[in-house]
Amino acid sequence: WRTCNNTFLWHRPSCGRHPTGGSFVRPNKVNFGVDFLTAIKKRYVLEDGPEEDGKEQIVTIGNKPVETIGFDSIIKQQSQLSKLQEISLRNCAVSCAGDKGGIAKACPNIRNVDVSRNLLSSWDEVIDIADQLTHLEVLNLSENKLRFPSDSLSSTGRFTTLKVLVLSRTGITWAEVLQCAAGWPVLEELYLESNSISISERPIDILQTLKLLDLSSNRLIDENQLFLIAYLPRLEQLILSDIGISSLHFPDSGIGCKSSMFPSLQYLVLNDNRISQWSFINELDKLPSLQALSCLRNPLTEGSGAETARQFIIARIGQLQTLNKCKILPEERRGAELDYRKAFGNAWKKAGGHQDPAQNRPNEEFLAAHPRYQSLCLKYGAPEDGELKIQQPFLLKNQLLTLKIKYPNKLDEKVIEKQLPDSMTIQKVKGLLSRLLKIPVSDLLLSYESPKMPGREIELENDQQSLQFYSVENGDCLLVRW
Amino acid sequence: MRECLSIHVGQAGVQIGDACWELYCLEHGIQPDGAVLDSKKDRLENAKMVPMAASFNTFFCESRAGKHVPRAFFMDLEPTVIDGIRTGKYRSLFHPEQLVSGKEDAANSYARGHYSVGSEIIDLVLERIRKLAEPCNGLQGFLIFRSFGGGTGSGFTSLLMEQLSIHYGRKTKLEFCVYPAPRISTAVVEPYNSVLTTHATLEHSDCTFMVDNEALYDICHHQLGIERPSYTSINGLVGQAVSSITASLRFEGPLNVDLIEFQTNLVPYPRIHFPMTAFAPIVSADKAYHKTFSVSDITTACFEFSNQLVKCDPRLGQYMACCLLYRGDVVPKDVNAAIAAMKSRHSIQFVDWCPTGFKVGINNHPPTMMPGGHLAKVQRAVCMLSNTTAVVEAWARLDHKFDLMYAKKAFLHWYIREGMEEGEFLEAREDLAALERDYEEVGQSLRYDGKNEY
């Protein structure tokens, strides 16, 4: 915004369609903002202005009156500013702390402040406010365009009780975070969503108490930058949604070993990224404390692979207990690991795998692609050949035996060929032949011979059994006598 | 002292109870062993918004040892689920007599729950409830938690409700019922159980809050990023809804302060007592602080399908009554603005014969979330209870499923062999058809042309 003498006042990132465009604003329309305490009073105290004269305007909805119950007593309670603990001043045009000590006097018990989307423009103002709130635990500064101290000598304030800090959408840089972090000695949760952050250096002696870090929607972050925050000793939750990451490789550990990075990380969120390789998932198995993972809406887990994706993620990360907020029960893990072992059994054999441990030497490539495979074989045994046979689809035609039928007593009868299902009982075969030959079933005696066993004839004596029971195979010959 | 007794029946009732009481304990600063967290009490003293004695005595009974015992009773016809409470985190919170389990379950059969198996345990249950009710100075009434579809939830509850009406006459009975959804149910006969129990309980219940498993499943899946919602995740949500609805019974608040007020504010006719619940905001813990929800935002959200706990379309019906209960950091100014905005944006149609309209209240106690749960902590929340004729959709769906099975007499023998008669099925179905007609009738406007009144 520019006034008519071309002085810049303040620039809100959400305004302005064109980067170099501006508009003219009448000076009296520009909001210079209010101080913190005034904003609190405006919001929580009943003012005696014309619009707040205590008489509530009767609003009607659908021709019925809206009855607000007990608002007077609410207003009375909230006016006792000294009792306020959790307040929100979002969008209240707060621009500064106001008179020194004013806040401390009026509302010393505040623990939780949402002062997002205001007009705070410098970190110094924030310090001025926070210095007066000795019990401050939660501070939300999102959507304030803050200017941070340019050198490390200027005071960054001491937020001695601050546990949760939200600096999303403030444009803060990583360097600025580290600079101010000295003033957050007990900080447990730090939210830095949507700041175009690039992690440029390792935090040393700062942020060591951090348990949760939210770096969602900072699309400049890549895997190498993550290594710079890999040694925060207490970091338990890391939220990396929508950062555009697609690859990950922990350089400090080999295949199947645990990394020393992210030693305390229990819950990792990787939703809405560009993960398309299983090697990424394999790497997560290296995290020593990982218990829970959320990995929704990635190319790897969408589309045709979606069904088996959950199974394979479970199988590839051995210590995972919760995936996409669903607990992995022991039966599910067992099923997933067995399926995974079976699915890659043929590849394992081709790569040099063998049921005999002395001959089991799968190549490097296979081991790199399937780091847990060997340990799964130890757990469940190596996959049997029978398991690995590619199942023929269960079509009836795959179950039919092509058999010759000979009549040794009636040599003038033609030898015929028939296709019969291997599950057909002898009784039914006799019935078929009976209709064919016009001979009663009870007169028929059946046996068979096989080119695999020349000279031998096997009697099919039990009517209740099937052809399969007698191991009749394709190409064998039934012998019918009466 | 206006005590409320919570009764949890069957697997659904008991597991929802588990979630609720855990949440209540967090909200009131009560430890798993029943002791009040001292620093929290001091904090409550310091920040006391309203001068009063701890209002949670409506829900908790303080023993001489200073232990706070829930005014609750849990029962199931088989032991597994109750054993979960007996061995769970809050096992020291409850007295053993508050947890009753049978040996043989109801096998998803209303008949077993109501007649054969249920009838054997009803006397013991009533005796235990009497023991809980006796020390109360001014028992307001009962909150009953159960499912429609299960055998115990449907059958035993209707038996219990009949008996409670006999022994406790005019005491209010509020229900929290789980309406069945095909996606997470395993019993095909849920429509039978639901229709039978609704018919049997209709005259004994004063107000029934339904939660639809289908709606809850969708919320968990789409909004909370839970891939395959389990009963645990769903019960967490239900716990939040119940906490919002009972907040002003447990904390001093101006609206819906007692069970009678719920009836007065929401139920115009005895049978038309099924308000729809919606609440906002519903934010995944992974997206904490990504968005801030103003009073205006959460008010608007209550009118979105995705925030409703029962699947129906209020735009197709008419409102008879509506309560908006705000919790947390909410100022009257913002509420007034939100309501004014709502008026212009939403076409909310009220029936013309009903004098009550919208009631709005604020409870400054902030919404509490389970640590490590799926929901993000928020500064303010709102729960909307609306008695709308559109809820008849839920009954229509259930009746349709009932009809499909009953036409073929499918699965009927499971009920007949426990001593039920087909006549009871017909009677129940008739009653539900009448309920559908009742809803239709109240939705029609009164036409007075000077000669006849319709």
# chains A, B, ... in the order shown; residues from 1 in each chain; ligands from 1
$ residues_around --residues "region 397-400 of chain B" --least-positions-apart "3" --cutoff "8 Å" --atoms "only C-alpha atoms" --output "PyMOL selection string"
chain B and resi 191+194-195+393-394+403-404+429+432-433
$ closest_atom_pairs --of "chain A" --to "chain B" --cutoff "8 Å" --atoms "only C-alpha atoms" --output "Markdown table"
| residue | atom | partner | partner_atom | distance |
| --- | --- | --- | --- | --- |
| A:Arg43 | CA | B:Val331 | CA | 7.2 |
| A:Tyr44 | CA | B:Val331 | CA | 6.6 |
| A:Val59 | CA | B:Ala340 | CA | 6.9 |
| A:Thr60 | CA | B:Lys343 | CA | 7.6 |
| A:Ile61 | CA | B:Lys343 | CA | 5.5 |
| A:Gly62 | CA | B:Gln349 | CA | 5.3 |
| A:Asn63 | CA | B:Phe350 | CA | 7.5 |
| A:Lys64 | CA | B:Gly357 | CA | 5.0 |
| A:Pro65 | CA | B:Gly357 | CA | 5.9 |
| A:Val66 | CA | B:Phe358 | CA | 4.7 |
| A:Glu67 | CA | B:Lys359 | CA | 4.9 |
| A:Thr68 | CA | B:Val360 | CA | 4.7 |
| A:Ile69 | CA | B:Gly361 | CA | 5.3 |
| A:Gly70 | CA | B:Pro254 | CA | 5.3 |
| A:Phe71 | CA | B:Pro332 | CA | 6.2 |
| A:Ile74 | CA | B:Ile362 | CA | 7.4 |
| A:Ile75 | CA | B:Pro332 | CA | 7.1 |
| A:Gln77 | CA | B:Met49 | CA | 5.7 |
| A:Gln78 | CA | B:Met49 | CA | 7.7 |
| A:Lys83 | CA | B:Ala47 | CA | 5.0 |
| A:Leu84 | CA | B:Ala47 | CA | 6.9 |
| A:Gln85 | CA | B:Ala47 | CA | 7.2 |
| A:Glu86 | CA | B:Asp329 | CA | 6.9 |
| A:Ile87 | CA | B:Asp329 | CA | 6.4 |
| A:Ser88 | CA | B:Asp329 | CA | 7.0 |
| A:Val166 | CA | B:Tyr289 | CA | 7.2 |
| A:Ser168 | CA | B:His290 | CA | 7.5 |
| A:Tyr191 | CA | B:Tyr289 | CA | 7.5 |
| A:Glu193 | CA | B:His290 | CA | 7.0 |
| A:Ile239 | CA | B:Asp286 | CA | 7.1 |
| A:Val269 | CA | B:Asp286 | CA | 7.5 |
| A:Leu296 | CA | B:Gly225 | CA | 7.9 |
| A:Asn324 | CA | B:Glu227 | CA | 5.6 |
| A:Lys325 | CA | B:Ile226 | CA | 5.0 |
| A:Cys326 | CA | B:Arg228 | CA | 6.3 |
$ write_last_selection --atoms "C-alpha atoms" --output "CSV table (one decimal), in the first residue's frame"
chain,number,residue,atom,x,y,z
A,43,ARG,CA,-12.2,-8.7,22.8
A,44,TYR,CA,-13.0,-9.8,26.3
A,59,VAL,CA,-31.5,-12.0,15.6
A,60,THR,CA,-34.0,-14.3,14.0
A,61,ILE,CA,-33.2,-17.4,12.0
A,62,GLY,CA,-36.0,-19.0,9.9
A,63,ASN,CA,-38.4,-16.6,11.6
A,64,LYS,CA,-37.5,-17.9,15.0
A,65,PRO,CA,-35.6,-15.9,17.6
A,66,VAL,CA,-32.1,-16.8,18.5
A,67,GLU,CA,-31.8,-16.9,22.3
A,68,THR,CA,-28.4,-16.5,23.7
A,69,ILE,CA,-28.3,-18.0,27.2
A,70,GLY,CA,-26.2,-16.6,29.9
A,71,PHE,CA,-24.1,-14.3,27.8
A,74,ILE,CA,-19.9,-15.0,30.4
A,75,ILE,CA,-19.0,-11.4,29.6
A,77,GLN,CA,-16.3,-13.6,33.8
A,78,GLN,CA,-14.2,-12.9,30.8
A,83,LYS,CA,-8.3,-14.8,35.5
A,84,LEU,CA,-7.7,-15.3,31.8
A,85,GLN,CA,-5.4,-18.2,30.9
A,86,GLU,CA,-6.0,-19.1,27.3
A,87,ILE,CA,-6.7,-16.2,24.9
A,88,SER,CA,-7.0,-15.6,21.2
A,166,VAL,CA,4.0,-21.8,16.3
A,168,SER,CA,4.0,-21.1,10.5
A,191,TYR,CA,5.7,-25.6,14.2
A,193,GLU,CA,4.8,-25.0,8.3
A,239,ILE,CA,6.1,-34.0,10.5
A,269,VAL,CA,4.7,-38.2,8.9
A,296,LEU,CA,-0.6,-41.5,2.7
A,324,ASN,CA,-1.4,-44.6,8.9
A,325,LYS,CA,-2.9,-44.4,12.4
A,326,CYS,CA,-4.0,-48.1,12.4
$ atom_distance --atom1 "CA of Arg71 (chain B)" --atom2 "CA of Phe94 (chain B)"
9.1 Å
$ select_by_dssp --residues "region 80-196 of chain A" --states "strand (DSSP E or B)" --output "ChimeraX atom specification"
/A:86-88,94-96,112-114,122,138-140,147,164-166,189-191
$ residues_around --residues "Asn346 (chain A)" --least-positions-apart "4" --cutoff "9 Å" --atoms "only C-alpha atoms" --output "list in words"
Lys342, Lys350, Ala351, Gly353, Asp385, Leu388 and Lys389 of chain A
$ write_last_selection --atoms "N, CA, C and O atoms" --output "tab-separated table (two decimals), in the first residue's frame"
chain	number	residue	atom	x	y	z
A	342	LYS	N	6.95	-64.54	0.33
A	342	LYS	CA	6.52	-65.36	-0.80
A	342	LYS	C	6.60	-64.58	-2.11
A	342	LYS	O	7.03	-65.12	-3.14
A	350	LYS	N	16.51	-66.55	-7.81
A	350	LYS	CA	17.24	-66.14	-9.01
A	350	LYS	C	18.50	-65.39	-8.66
A	350	LYS	O	19.50	-65.45	-9.36
A	351	ALA	N	18.44	-64.67	-7.53
A	351	ALA	CA	19.59	-63.85	-7.13
A	351	ALA	C	20.62	-64.66	-6.35
A	351	ALA	O	21.61	-64.11	-5.88
A	353	GLY	N	19.58	-67.05	-3.85
A	353	GLY	CA	19.08	-67.55	-2.58
A	353	GLY	C	18.87	-69.06	-2.63
A	353	GLY	O	18.63	-69.62	-3.70
A	385	ASP	N	9.84	-74.47	-2.32
A	385	ASP	CA	9.57	-74.39	-3.76
A	385	ASP	C	8.09	-74.47	-4.04
A	385	ASP	O	7.56	-73.80	-4.92
A	388	LEU	N	6.36	-71.29	-3.95
A	388	LEU	CA	6.72	-70.31	-4.97
A	388	LEU	C	6.16	-70.64	-6.34
A	388	LEU	O	6.30	-69.88	-7.27
A	389	LYS	N	5.55	-71.84	-6.44
A	389	LYS	CA	4.99	-72.20	-7.74
A	389	LYS	C	3.93	-71.19	-8.10
A	389	LYS	O	3.07	-70.86	-7.30
$ atom_distance --atom1 "CA of Arg372 (chain A)" --atom2 "CA of Gly256 (chain A)"
6.7 Å
$ residues_around --residues "Glu449 (chain A)" --least-positions-apart "5" --cutoff "12 Å" --atoms "only C-alpha atoms" --output "list in words"
Leu403, Lys404, Ile405, Lys406, Pro408, Pro454, Gly455, Arg456, Glu457, Ile458, Glu459, Leu460, Tyr470, Ser471, Val472, Glu473, Asn474, Gly475, Asp476, Cys477, Leu478, Leu479 and Val480 of chain A
$ write_last_selection --atoms "N, CA and C atoms" --output "PDB file, in the first residue's frame"
ATOM      1  N   LEU A 403      -7.917 -88.463 -21.222  1.00  0.00           N
ATOM      2  CA  LEU A 403      -7.667 -89.897 -21.019  1.00  0.00           C
ATOM      3  C   LEU A 403      -8.141 -90.709 -22.220  1.00  0.00           C
ATOM      4  N   LYS A 404      -7.395 -91.803 -22.459  1.00  0.00           N
ATOM      5  CA  LYS A 404      -7.851 -92.752 -23.475  1.00  0.00           C
ATOM      6  C   LYS A 404      -8.684 -93.796 -22.755  1.00  0.00           C
ATOM      7  N   ILE A 405      -9.643 -94.309 -23.455  1.00  0.00           N
ATOM      8  CA  ILE A 405     -10.448 -95.389 -22.852  1.00  0.00           C
ATOM      9  C   ILE A 405     -10.380 -96.615 -23.745  1.00  0.00           C
ATOM     10  N   LYS A 406      -9.856 -97.737 -23.200  1.00  0.00           N
ATOM     11  CA  LYS A 406      -9.678 -98.986 -23.970  1.00  0.00           C
ATOM     12  C   LYS A 406     -10.547-100.074 -23.392  1.00  0.00           C
ATOM     13  N   PRO A 408     -10.269-103.886 -23.145  1.00  0.00           N
ATOM     14  CA  PRO A 408      -9.419-105.059 -23.405  1.00  0.00           C
ATOM     15  C   PRO A 408     -10.204-106.297 -23.802  1.00  0.00           C
ATOM     16  N   PRO A 454       5.098 -98.562 -17.518  1.00  0.00           N
ATOM     17  CA  PRO A 454       4.703 -99.566 -18.525  1.00  0.00           C
ATOM     18  C   PRO A 454       4.569-100.941 -17.890  1.00  0.00           C
ATOM     19  N   GLY A 455       3.539-101.670 -18.329  1.00  0.00           N
ATOM     20  CA  GLY A 455       3.333-103.022 -17.857  1.00  0.00           C
ATOM     21  C   GLY A 455       2.495-103.092 -16.585  1.00  0.00           C
ATOM     22  N   ARG A 456       2.284-102.065 -15.914  1.00  0.00           N
ATOM     23  CA  ARG A 456       1.519-102.121 -14.665  1.00  0.00           C
ATOM     24  C   ARG A 456       0.097-101.663 -14.905  1.00  0.00           C
ATOM     25  N   GLU A 457      -0.821-102.349 -14.211  1.00  0.00           N
ATOM     26  CA  GLU A 457      -2.212-101.951 -14.304  1.00  0.00           C
ATOM     27  C   GLU A 457      -2.705-101.696 -12.884  1.00  0.00           C
ATOM     28  N   ILE A 458      -3.348-100.559 -12.683  1.00  0.00           N
ATOM     29  CA  ILE A 458      -3.801-100.205 -11.329  1.00  0.00           C
ATOM     30  C   ILE A 458      -5.312-100.243 -11.292  1.00  0.00           C
ATOM     31  N   GLU A 459      -5.825-101.020 -10.323  1.00  0.00           N
ATOM     32  CA  GLU A 459      -7.268-101.180 -10.212  1.00  0.00           C
ATOM     33  C   GLU A 459      -7.904 -99.952  -9.568  1.00  0.00           C
ATOM     34  N   LEU A 460      -9.044 -99.542 -10.161  1.00  0.00           N
ATOM     35  CA  LEU A 460      -9.798 -98.408  -9.570  1.00  0.00           C
ATOM     36  C   LEU A 460     -10.980 -99.018  -8.851  1.00  0.00           C
ATOM     37  N   TYR A 470      -6.360 -91.813  -7.216  1.00  0.00           N
ATOM     38  CA  TYR A 470      -5.564 -92.895  -7.776  1.00  0.00           C
ATOM     39  C   TYR A 470      -4.406 -92.392  -8.618  1.00  0.00           C
ATOM     40  N   SER A 471      -4.165 -91.079  -8.565  1.00  0.00           N
ATOM     41  CA  SER A 471      -3.049 -90.468  -9.300  1.00  0.00           C
ATOM     42  C   SER A 471      -3.140 -90.669 -10.790  1.00  0.00           C
ATOM     43  N   VAL A 472      -4.354 -90.679 -11.283  1.00  0.00           N
ATOM     44  CA  VAL A 472      -4.521 -90.757 -12.738  1.00  0.00           C
ATOM     45  C   VAL A 472      -4.077 -89.427 -13.321  1.00  0.00           C
ATOM     46  N   GLU A 473      -3.232 -89.475 -14.340  1.00  0.00           N
ATOM     47  CA  GLU A 473      -2.687 -88.244 -14.896  1.00  0.00           C
ATOM     48  C   GLU A 473      -3.045 -88.104 -16.358  1.00  0.00           C
ATOM     49  N   ASN A 474      -2.781 -86.923 -16.843  1.00  0.00           N
ATOM     50  CA  ASN A 474      -2.993 -86.619 -18.252  1.00  0.00           C
ATOM     51  C   ASN A 474      -2.267 -87.625 -19.145  1.00  0.00           C
ATOM     52  N   GLY A 475      -2.994 -88.162 -20.109  1.00  0.00           N
ATOM     53  CA  GLY A 475      -2.339 -89.078 -21.053  1.00  0.00           C
ATOM     54  C   GLY A 475      -2.434 -90.544 -20.651  1.00  0.00           C
ATOM     55  N   ASP A 476      -2.988 -90.780 -19.438  1.00  0.00           N
ATOM     56  CA  ASP A 476      -3.130 -92.183 -19.031  1.00  0.00           C
ATOM     57  C   ASP A 476      -4.294 -92.840 -19.779  1.00  0.00           C
ATOM     58  N   CYS A 477      -4.418 -94.147 -19.576  1.00  0.00           N
ATOM     59  CA  CYS A 477      -5.431 -94.891 -20.318  1.00  0.00           C
ATOM     60  C   CYS A 477      -6.296 -95.694 -19.367  1.00  0.00           C
ATOM     61  N   LEU A 478      -7.622 -95.473 -19.438  1.00  0.00           N
ATOM     62  CA  LEU A 478      -8.556 -96.255 -18.612  1.00  0.00           C
ATOM     63  C   LEU A 478      -8.850 -97.574 -19.309  1.00  0.00           C
ATOM     64  N   LEU A 479      -8.878 -98.644 -18.526  1.00  0.00           N
ATOM     65  CA  LEU A 479      -9.195 -99.960 -19.082  1.00  0.00           C
ATOM     66  C   LEU A 479     -10.530-100.410 -18.510  1.00  0.00           C
ATOM     67  N   VAL A 480     -11.481-100.686 -19.398  1.00  0.00           N
ATOM     68  CA  VAL A 480     -12.841-101.031 -18.964  1.00  0.00           C
ATOM     69  C   VAL A 480     -13.141-102.479 -19.327  1.00  0.00           C
TER      70      VAL A 480
END
$ closest_residue --among "B:Thr58, B:Thr172, B:Thr368, B:Thr80" --to "Leu26 (chain B)" --atoms "only C-alpha atoms"
B:Thr368
$ select_by_dssp --residues "region 178-351 of chain B" --states "helix (DSSP H, G or I)" --output "MDAnalysis selection string"
chainID B and resid 190:201 213:223 231:250 259:266 285:287 295:301 305:307 314:316 332:345
$ residues_around --residues "Lys379 (chain A)" --least-positions-apart "2" --cutoff "12 Å" --atoms "only C-alpha atoms" --output "list in words"
Gly318, Arg334, Glu337, Leu338, Arg341, Arg372, Tyr373, Gln374, Ser375, Leu376, Cys377, Gly381, Ala382 and Pro383 of chain A
$ write_last_selection --atoms "N, CA and C atoms" --output "PDB file, in the first residue's frame"
ATOM      1  N   GLY A 318      10.550 -53.479  10.292  1.00  0.00           N
ATOM      2  CA  GLY A 318      10.301 -54.511  11.281  1.00  0.00           C
ATOM      3  C   GLY A 318       9.709 -54.020  12.593  1.00  0.00           C
ATOM      4  N   ARG A 334       2.308 -60.787  10.838  1.00  0.00           N
ATOM      5  CA  ARG A 334       2.682 -62.120  10.391  1.00  0.00           C
ATOM      6  C   ARG A 334       2.247 -62.341   8.945  1.00  0.00           C
ATOM      7  N   GLU A 337       4.374 -60.223   6.530  1.00  0.00           N
ATOM      8  CA  GLU A 337       5.748 -60.714   6.339  1.00  0.00           C
ATOM      9  C   GLU A 337       5.769 -61.988   5.521  1.00  0.00           C
ATOM     10  N   LEU A 338       4.792 -62.871   5.752  1.00  0.00           N
ATOM     11  CA  LEU A 338       4.743 -64.099   4.968  1.00  0.00           C
ATOM     12  C   LEU A 338       4.446 -63.789   3.502  1.00  0.00           C
ATOM     13  N   ARG A 341       7.577 -62.339   1.868  1.00  0.00           N
ATOM     14  CA  ARG A 341       8.591 -63.372   1.666  1.00  0.00           C
ATOM     15  C   ARG A 341       8.243 -64.230   0.459  1.00  0.00           C
ATOM     16  N   ARG A 372      15.470 -56.845   4.602  1.00  0.00           N
ATOM     17  CA  ARG A 372      14.944 -57.680   5.681  1.00  0.00           C
ATOM     18  C   ARG A 372      14.731 -59.120   5.260  1.00  0.00           C
ATOM     19  N   TYR A 373      15.001 -59.404   3.975  1.00  0.00           N
ATOM     20  CA  TYR A 373      14.602 -60.719   3.483  1.00  0.00           C
ATOM     21  C   TYR A 373      15.252 -61.848   4.260  1.00  0.00           C
ATOM     22  N   GLN A 374      16.547 -61.719   4.481  1.00  0.00           N
ATOM     23  CA  GLN A 374      17.250 -62.795   5.179  1.00  0.00           C
ATOM     24  C   GLN A 374      16.685 -63.011   6.582  1.00  0.00           C
ATOM     25  N   SER A 375      16.426 -61.902   7.283  1.00  0.00           N
ATOM     26  CA  SER A 375      15.913 -62.082   8.650  1.00  0.00           C
ATOM     27  C   SER A 375      14.512 -62.680   8.639  1.00  0.00           C
ATOM     28  N   LEU A 376      13.739 -62.403   7.590  1.00  0.00           N
ATOM     29  CA  LEU A 376      12.419 -63.029   7.497  1.00  0.00           C
ATOM     30  C   LEU A 376      12.557 -64.529   7.252  1.00  0.00           C
ATOM     31  N   CYS A 377      13.567 -64.899   6.470  1.00  0.00           N
ATOM     32  CA  CYS A 377      13.797 -66.332   6.245  1.00  0.00           C
ATOM     33  C   CYS A 377      14.197 -67.017   7.536  1.00  0.00           C
ATOM     34  N   GLY A 381      11.573 -69.430   8.202  1.00  0.00           N
ATOM     35  CA  GLY A 381      12.150 -70.452   7.333  1.00  0.00           C
ATOM     36  C   GLY A 381      12.187 -69.940   5.906  1.00  0.00           C
ATOM     37  N   ALA A 382      13.097 -70.485   5.128  1.00  0.00           N
ATOM     38  CA  ALA A 382      13.199 -70.077   3.728  1.00  0.00           C
ATOM     39  C   ALA A 382      11.955 -70.546   2.984  1.00  0.00           C
ATOM     40  N   PRO A 383      11.548 -69.802   1.967  1.00  0.00           N
ATOM     41  CA  PRO A 383      10.334 -70.223   1.256  1.00  0.00           C
ATOM     42  C   PRO A 383      10.548 -71.550   0.532  1.00  0.00           C
TER      43      PRO A 383
END
$ decode --residues "region 336-342 of chain A" --atoms "all heavy atoms" --output "PDB file, in the first residue's frame"
ATOM      1  N   ALA A 336       1.571 -60.095   6.678  1.00  0.00           N
ATOM      2  CA  ALA A 336       2.291 -59.212   5.758  1.00  0.00           C
ATOM      3  C   ALA A 336       3.691 -59.755   5.473  1.00  0.00           C
ATOM      4  O   ALA A 336       4.153 -59.761   4.327  1.00  0.00           O
ATOM      5  CB  ALA A 336       2.392 -57.815   6.356  1.00  0.00           C
ATOM      6  N   GLU A 337       4.374 -60.223   6.530  1.00  0.00           N
ATOM      7  CA  GLU A 337       5.748 -60.714   6.339  1.00  0.00           C
ATOM      8  C   GLU A 337       5.769 -61.988   5.521  1.00  0.00           C
ATOM      9  O   GLU A 337       6.627 -62.177   4.648  1.00  0.00           O
ATOM     10  CB  GLU A 337       6.422 -60.903   7.704  1.00  0.00           C
ATOM     11  CG  GLU A 337       6.730 -59.561   8.376  1.00  0.00           C
ATOM     12  CD  GLU A 337       7.374 -59.690   9.745  1.00  0.00           C
ATOM     13  OE1 GLU A 337       7.282 -60.783  10.354  1.00  0.00           O
ATOM     14  OE2 GLU A 337       7.955 -58.693  10.199  1.00  0.00           O
ATOM     15  N   LEU A 338       4.792 -62.871   5.752  1.00  0.00           N
ATOM     16  CA  LEU A 338       4.743 -64.099   4.968  1.00  0.00           C
ATOM     17  C   LEU A 338       4.446 -63.789   3.502  1.00  0.00           C
ATOM     18  O   LEU A 338       5.048 -64.368   2.594  1.00  0.00           O
ATOM     19  CB  LEU A 338       3.675 -65.040   5.534  1.00  0.00           C
ATOM     20  CG  LEU A 338       4.056 -65.741   6.840  1.00  0.00           C
ATOM     21  CD1 LEU A 338       2.852 -66.464   7.441  1.00  0.00           C
ATOM     22  CD2 LEU A 338       5.191 -66.733   6.609  1.00  0.00           C
ATOM     23  N   ASP A 339       3.516 -62.877   3.265  1.00  0.00           N
ATOM     24  CA  ASP A 339       3.186 -62.505   1.887  1.00  0.00           C
ATOM     25  C   ASP A 339       4.389 -61.915   1.173  1.00  0.00           C
ATOM     26  O   ASP A 339       4.649 -62.213   0.004  1.00  0.00           O
ATOM     27  CB  ASP A 339       2.058 -61.459   1.882  1.00  0.00           C
ATOM     28  CG  ASP A 339       0.690 -62.109   2.051  1.00  0.00           C
ATOM     29  OD1 ASP A 339       0.621 -63.352   2.005  1.00  0.00           O
ATOM     30  OD2 ASP A 339      -0.293 -61.369   2.229  1.00  0.00           O
ATOM     31  N   TYR A 340       5.117 -61.060   1.879  1.00  0.00           N
ATOM     32  CA  TYR A 340       6.270 -60.396   1.286  1.00  0.00           C
ATOM     33  C   TYR A 340       7.343 -61.424   0.940  1.00  0.00           C
ATOM     34  O   TYR A 340       7.933 -61.421  -0.141  1.00  0.00           O
ATOM     35  CB  TYR A 340       6.796 -59.357   2.278  1.00  0.00           C
ATOM     36  CG  TYR A 340       8.092 -58.695   1.906  1.00  0.00           C
ATOM     37  CD1 TYR A 340       8.143 -57.764   0.871  1.00  0.00           C
ATOM     38  CD2 TYR A 340       9.269 -58.978   2.592  1.00  0.00           C
ATOM     39  CE1 TYR A 340       9.331 -57.148   0.540  1.00  0.00           C
ATOM     40  CE2 TYR A 340      10.451 -58.369   2.263  1.00  0.00           C
ATOM     41  CZ  TYR A 340      10.478 -57.445   1.238  1.00  0.00           C
ATOM     42  OH  TYR A 340      11.661 -56.829   0.909  1.00  0.00           O
ATOM     43  N   ARG A 341       7.577 -62.339   1.868  1.00  0.00           N
ATOM     44  CA  ARG A 341       8.591 -63.372   1.666  1.00  0.00           C
ATOM     45  C   ARG A 341       8.243 -64.230   0.459  1.00  0.00           C
ATOM     46  O   ARG A 341       9.093 -64.586  -0.355  1.00  0.00           O
ATOM     47  CB  ARG A 341       8.671 -64.191   2.948  1.00  0.00           C
ATOM     48  CG  ARG A 341       9.422 -65.497   2.915  1.00  0.00           C
ATOM     49  CD  ARG A 341       9.330 -66.077   4.317  1.00  0.00           C
ATOM     50  NE  ARG A 341       9.386 -67.514   4.361  1.00  0.00           N
ATOM     51  CZ  ARG A 341       8.381 -68.322   4.085  1.00  0.00           C
ATOM     52  NH1 ARG A 341       7.230 -67.839   3.684  1.00  0.00           N
ATOM     53  NH2 ARG A 341       8.523 -69.631   4.182  1.00  0.00           N
ATOM     54  N   LYS A 342       6.953 -64.537   0.328  1.00  0.00           N
ATOM     55  CA  LYS A 342       6.519 -65.358  -0.798  1.00  0.00           C
ATOM     56  C   LYS A 342       6.595 -64.583  -2.109  1.00  0.00           C
ATOM     57  O   LYS A 342       7.027 -65.120  -3.136  1.00  0.00           O
ATOM     58  CB  LYS A 342       5.077 -65.798  -0.540  1.00  0.00           C
ATOM     59  CG  LYS A 342       4.534 -66.745  -1.549  1.00  0.00           C
ATOM     60  CD  LYS A 342       3.275 -67.367  -0.973  1.00  0.00           C
ATOM     61  CE  LYS A 342       2.451 -68.016  -2.076  1.00  0.00           C
ATOM     62  NZ  LYS A 342       1.192 -68.522  -1.568  1.00  0.00           N
TER      63      LYS A 342
END
